[in-house]
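Contents: one structure, followed by commentary.
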Amino acid sequence: MHSKIVILLLSFLFCVQQMLHAQDKKYTISGYVRDQSSGENLPAANVGVVELKRGVNTNNYGFFSISVPEGNYQLKVSYLGFETQLINLTIQKDIVLNVELLPKNLVQKEIIVKDIRKDNNVKSTEMGMHQLSMENVKKLPVIMGEVDVLKSLQLLPGVSSAGEGQSGFYVRGGGPDQNLILLDDAVVYNTGHLFGFFSVFNGDAIKNVTLIKGAAPANYGGRLSSVVDVTMKEGNNKKYQVEGGIGLIASRLSLQGPILKNKASFMVSARRTYIDALVKPFVRSTSTFKGSGYYFYDLNAKVNYIITKKDRLYLSGYLGKDVFTFKNTERTFDVNVPWGNKTGTLRWNHEFSNKLFLNTTLMYNDYNFTFAGGQENFKVKFYSGIRDWSGKFDFDYYSKFNHNFKFGGQYTYHTFTPSTVSGEASGVEFKPDQTFRKYAHEMGIYALDEFDIGKKIKVNMGIRYSQFLQVGPYKRYTFDQNNNKQDSTVYEAGDIAKSYGGPEPRLSIRYSLDETSSVKLSAAKTYQYLHLVTNNGSTLPTDIWSPSTYFVRPQKAWQYSAGVFKNFFENKVETSVEVYYKDMENLLEYRQGYVPSSLRDVDYDFVFGQGYAYGAEFFINKTKGRLTGWLAYTLSWTYRKFDQLNSGEKYFAKYDQRHNISFTTTYELNKKWTLSGVFVFGSGNRVTLPTSLYTINNQVYQEYSKLNNYSLPPYHRLDLAAIYTPKAASTKKLKGSWTFSIYNVYSRQNPYLVYLDVQGGIGNTNGVELKVKQVSIFPILPSITYNFKFN
């Protein structure tokens with residue numbers, strides 16, 4: 001019913017817009033927006049015609065096209081972190097215009113003509129969308145000197161942290177698996193290093209980060225809550241650059257430059273921790289723990305080549321790995337735990353005309369986790385992972401009537417390997433067959449149109465149709481009431497075991513109240529075919545991704561949003577208030593009393609339920625001046641309801657947070673010193689704890705009442721940082737700076753985990769006492785990092 005209403009509304013709006021179109025002859029202005037200092041394309045830059053009060057955003061590859069009647073116009077081109085350009089044009093025919101913008105940190109005051117902040121937050125149809133400038137992210141306080149884009153996202157409204165020091169996050173009441181995280185279009189399944197304390201994204205390799213937590217456009221699909229689209233740098237095609245940093249626990253180094261000037265370029269960026277190297281000198285050669293250690297590393301690489309004016313190739317890749325080892329020579333016991341991600345992306349851009357643009361992409365990603373351990377003659381190994389081969393095509397068509405069409409499709413072949421076990425004892429090998437490995441095809445096609453209805457209304461409407469096929473080889477079992485296997489059905493390779501799919505309509509509408517304020521509405525339906533059920537706060541390496549199967553239905557959700565957006569002081573201050581409601585079905589949890597087993601398919605241990613979340617988000621963002629920053633406040637409720645859990649009654653989700661406040665500020669004291677601070681406050685996450693004790697045969701047992709019945713203490717923390725650039729005005733090629741950061745300035749003992757301490761006993765005169773205790777791992781934590789850049 002919801003889908004039919006939205007589709008009818010989309011059709012009505014399209015017809016109204018067609019009737020309102022003028023029939024004047026129009027000419028097309030098209031081209032690319034690029035970074036003047038490096039030659040890189042700038043995605044989502046705003047290109048507006050001042051006289052017509054209308055504009056477009058460049059696509060993901062910097063291309064734009066807009067049609068106007070004959071006449072004289074002023075074109076305004078702007079991008080976050082760059083100086084705005086005003087260009088006077090006389091339009092009497094189609095023209096090609098490539099615009100190069102200069103980063104603000106390279107602009108000399110005496111040559112600034114005019115600096116106009118873009119008002120895209122008011123003029124666009126997008127709701128709940130935020131773009132982060134890596135330059136600004138690098139100014140914020142960080143833990144142990146490691147810049148982390150995912151931790152920066154946690155400071156935005158509607159986004160909450162998964163826990164103390166964690167890079168995992170929740171968006172508008174959704175779980176950690178409901179966030180689609182992309183690196184150059186390849187899905188990243190595990191985003192954390194050091195068990196989630198650091199993200200896998202090296203800030204020196206990242207060009208652009210976009211968060212969408214409202215109604216995502218129809219070209220995105222596969223998750224219920226949000227999209228985090230991370231784009232790697234393309235590489236400077238004008239000059240060579242080296243940059244890096246030396247921190248307390250890790251160092252990084254990046255190199256970029258032209259292969260052929262203005263035609264081909266490359267970028268390589270590496271990061272590695274040296275915790276193992278720092279600890280090694282303090283471990284005696286006679287220590288029973290000699291050989292134990294931990295490290296992680298990242299490697300990002302990208303090359304691009306401009307074949308012709310209309311064709312461009314990109315090849316990018318990422319390799320990241322964590323390795324934990326533990327040895328006890330006294331007990332002849334050793335453990336080796338490696339895990340990591342690999343992604344690869346091959347992309348071809350082609351410009352058919354000044355109105356039609358094509359992007360074709362091939363993607364590969366592989367995530368795996370291994371645990372190998374042994375003692376004397378016994379060895380055991382656990383392995384799990386997921387591997388994808390994907391391809392997609394995306395067309396951008398800019399009509400003369402300023403309809404901005406996007407349409408395309410995507411296909412992915414999934415291979416899921418759940419936790420499989422093998423072992424050896426006294427020469428006898430134990431190696432079960434891979435009966436639980438699963439295979440699936442995931443497909444989606446979409447079309448969307450963004451257009452204006454008059455001068456006040458702008459609409460982005462779209463439809464996506466997705467389908468998911470579980471295929472063989474696969475064996476499906478049936479069980480009796482005592483959970484014993486009775487029969488099985490075998491599917492050969494390529495046979496369809498189960499099929500799911502459906503339409504996903506999307507609609508966003510903006511109504512302009514005046515030049516600096518607007519009202520927006522949005523609605524979106526989404527399907528999610530991959531699931532991550534976990535008892536942890538974020539996606540840890542031990543978690544297992546599971547597909548929709550014969551027994552596991554896809555999750556689906558409807559999300560509705562409304563918001564008011566208002567800018568003040570010539571767009572120097574942006575404000576917004578958004579409210580949302582999200583209705584979710586087919587959510588997954590483990591059944592009550594579930595115990596992990598590598599000998600049983602996890603599909604049989606899921607239970608299914610529904611959830612809903614609603615709330616309000618308040619945002620004030622000062623974007624210009626020596627003092628910048630934002631204040632974000634979120635008021636929210638998140639519920640779950642499962643017939644087989646909590647006696648069928650609804651309960652708070654474990655990441656239900658009533659209040660969430662973040663205050664972020666940066667102040668440029670002078671050319672040498674930049675100061676920054678972050679303060680966060682959040683209601684405590686919810687956990688399930690016993691409410692009473694009872695005894696049977698002199699044994700003490702714990703009794704639980706309701707799920708997530710206990711709220712942890714509120715979380716709050718203050719971080720400060722200072723960046724010192726000794727020779728800020730130097731014209732030398734080598735420039736350096738020092739970053740001094742203090743995490744948790746007043747040493748707040750925020751809980752990392754809680755546990756029960758049972759004191760006393762049956763014979764104790766004071767009886768048995770049950771106390772809830774917490775473990776805190778991050779007191780005040782100072783750090784220092786040296787950063788350098790060589791041009």
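Residue names in the structure tokens use chain letters A, B, ... in the order shown, residue numbers from 1 in each chain, and ligand numbers from 1 in the order shown.
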### Query
Which of region 491-712 of chain A counts as helix (DSSP H, G or I) under DSSP, as a VMD selection string please?
chain A and resid 602 to 605 646 to 648
Using the selection just defined, write its residues with N, CA and C atoms as a PDB file, in the first residue's frame.
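Okay, selection.pdb is ready:
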```
ATOM      1  N   VAL A 602      23.747 -21.572  11.280  1.00  0.00           N
ATOM      2  CA  VAL A 602      23.197 -20.535  12.141  1.00  0.00           C
ATOM      3  C   VAL A 602      21.789 -20.122  11.715  1.00  0.00           C
ATOM      4  N   ASP A 603      21.393 -20.416  10.476  1.00  0.00           N
ATOM      5  CA  ASP A 603      20.049 -20.069   9.998  1.00  0.00           C
ATOM      6  C   ASP A 603      18.952 -20.604  10.910  1.00  0.00           C
ATOM      7  N   TYR A 604      19.198 -21.757  11.531  1.00  0.00           N
ATOM      8  CA  TYR A 604      18.160 -22.404  12.347  1.00  0.00           C
ATOM      9  C   TYR A 604      18.061 -21.801  13.744  1.00  0.00           C
ATOM     10  N   ASP A 605      18.950 -20.853  14.041  1.00  0.00           N
ATOM     11  CA  ASP A 605      18.966 -20.277  15.384  1.00  0.00           C
ATOM     12  C   ASP A 605      18.549 -18.811  15.408  1.00  0.00           C
ATOM     13  N   ASN A 646      11.563 -11.785  25.130  1.00  0.00           N
ATOM     14  CA  ASN A 646      10.980 -10.837  26.080  1.00  0.00           C
ATOM     15  C   ASN A 646       9.474 -11.052  26.261  1.00  0.00           C
ATOM     16  N   SER A 647       9.055 -12.312  26.219  1.00  0.00           N
ATOM     17  CA  SER A 647       7.635 -12.687  26.386  1.00  0.00           C
ATOM     18  C   SER A 647       6.743 -12.014  25.360  1.00  0.00           C
ATOM     19  N   GLY A 648       7.305 -11.695  24.190  1.00  0.00           N
ATOM     20  CA  GLY A 648       6.528 -11.079  23.120  1.00  0.00           C
ATOM     21  C   GLY A 648       6.262  -9.595  23.316  1.00  0.00           C
TER      22      GLY A 648
END
```
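The environment of Asp204 (chain A) within 8 Å, counting only C-alpha atoms and disregarding residues fewer than 5 places along the same chain, consists of Glu243, Gly244, Ser254 and Ser269 of chain A.
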### Query
Of the candidates A:Lys233, A:Arg34, A:Lys773, A:Lys139, which shows the shortest atom-to-atom distance to Thr628 (chain A), using only C-alpha atoms?
A:Lys139
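From CA of Ala372 (chain A) back to CA of Pro473 (chain A), the distance works out to 27.3 Å.
Across the model, the gap from CA of Glu429 (chain A) to CA of Asp334 (chain A) is 18.8 Å.
Take the candidates A:Pro690, A:Pro554, A:Pro157, A:Pro69 and check each one against Phe663 (chain A) using only C-alpha atoms; the shortest distance goes to A:Pro157.
Shortest atom-to-atom contact with His414 (chain A) among A:Ser737, A:Ser730, A:Ser546, A:Thr691: A:Ser546, counting only C-alpha atoms.
What separates CA of Gly472 (chain A) from CA of Phe393 (chain A) is a distance of 27.0 Å.
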### Task
Name all residues at most 12 Å from Pro713 (chain A) (count only C-alpha atoms; drop same-chain ones fewer than 4 positions away) and give them as a ChimeraX atom specification.
/A:657,681-687,748-754,772-774
May I have the selected residues written with N, CA and C atoms, as a short mmCIF file (atom, residue, chain, number, x, y, z; two decimals), in the first residue's frame?
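Written output follows (result-v4.cif):
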```
data_model
loop_
_atom_site.label_atom_id
_atom_site.label_comp_id
_atom_site.auth_asym_id
_atom_site.auth_seq_id
_atom_site.Cartn_x
_atom_site.Cartn_y
_atom_site.Cartn_z
N GLN A 657 19.34 5.41 22.74
CA GLN A 657 19.93 6.52 23.49
C GLN A 657 18.95 7.69 23.45
N PHE A 681 28.08 14.12 24.95
CA PHE A 681 27.27 13.60 26.05
C PHE A 681 26.21 12.70 25.45
N GLY A 682 26.03 11.53 26.05
CA GLY A 682 25.00 10.62 25.56
C GLY A 682 24.42 9.79 26.68
N SER A 683 23.13 9.54 26.58
CA SER A 683 22.50 8.61 27.53
C SER A 683 23.17 7.25 27.39
N GLY A 684 23.24 6.52 28.48
CA GLY A 684 23.92 5.23 28.46
C GLY A 684 23.20 4.20 27.61
N ASN A 685 23.98 3.35 26.95
CA ASN A 685 23.39 2.24 26.19
C ASN A 685 22.70 1.27 27.16
N ARG A 686 21.87 0.40 26.60
CA ARG A 686 21.10 -0.53 27.42
C ARG A 686 21.69 -1.93 27.37
N VAL A 687 21.66 -2.60 28.52
CA VAL A 687 22.15 -3.97 28.63
C VAL A 687 21.14 -4.79 29.43
N ARG A 748 37.07 11.13 32.64
CA ARG A 748 35.78 10.53 32.96
C ARG A 748 35.88 9.01 32.81
N GLN A 749 35.43 8.28 33.81
CA GLN A 749 35.48 6.82 33.80
C GLN A 749 34.23 6.26 33.11
N ASN A 750 34.20 6.41 31.80
CA ASN A 750 33.07 5.88 31.03
C ASN A 750 33.16 4.37 30.93
N PRO A 751 32.05 3.67 31.03
CA PRO A 751 32.09 2.20 31.02
C PRO A 751 32.41 1.65 29.63
N TYR A 752 33.38 0.77 29.57
CA TYR A 752 33.65 0.02 28.35
C TYR A 752 32.84 -1.28 28.36
N LEU A 753 32.73 -1.89 29.54
CA LEU A 753 31.86 -3.05 29.71
C LEU A 753 31.43 -3.11 31.17
N VAL A 754 30.36 -3.84 31.43
CA VAL A 754 29.87 -4.02 32.80
C VAL A 754 29.79 -5.51 33.09
N VAL A 772 26.58 -4.46 40.34
CA VAL A 772 26.95 -4.20 38.96
C VAL A 772 28.22 -3.35 38.96
N LYS A 773 29.26 -3.87 38.31
CA LYS A 773 30.51 -3.13 38.24
C LYS A 773 30.87 -2.87 36.78
N GLN A 774 31.69 -1.84 36.59
CA GLN A 774 32.06 -1.48 35.23
C GLN A 774 33.57 -1.44 35.08
#
```
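Using only C-alpha atoms, the smallest distance between any of A:Thr28, A:Thr634, A:Thr90, A:Asn236 and Asn791 (chain A) comes from A:Asn236.
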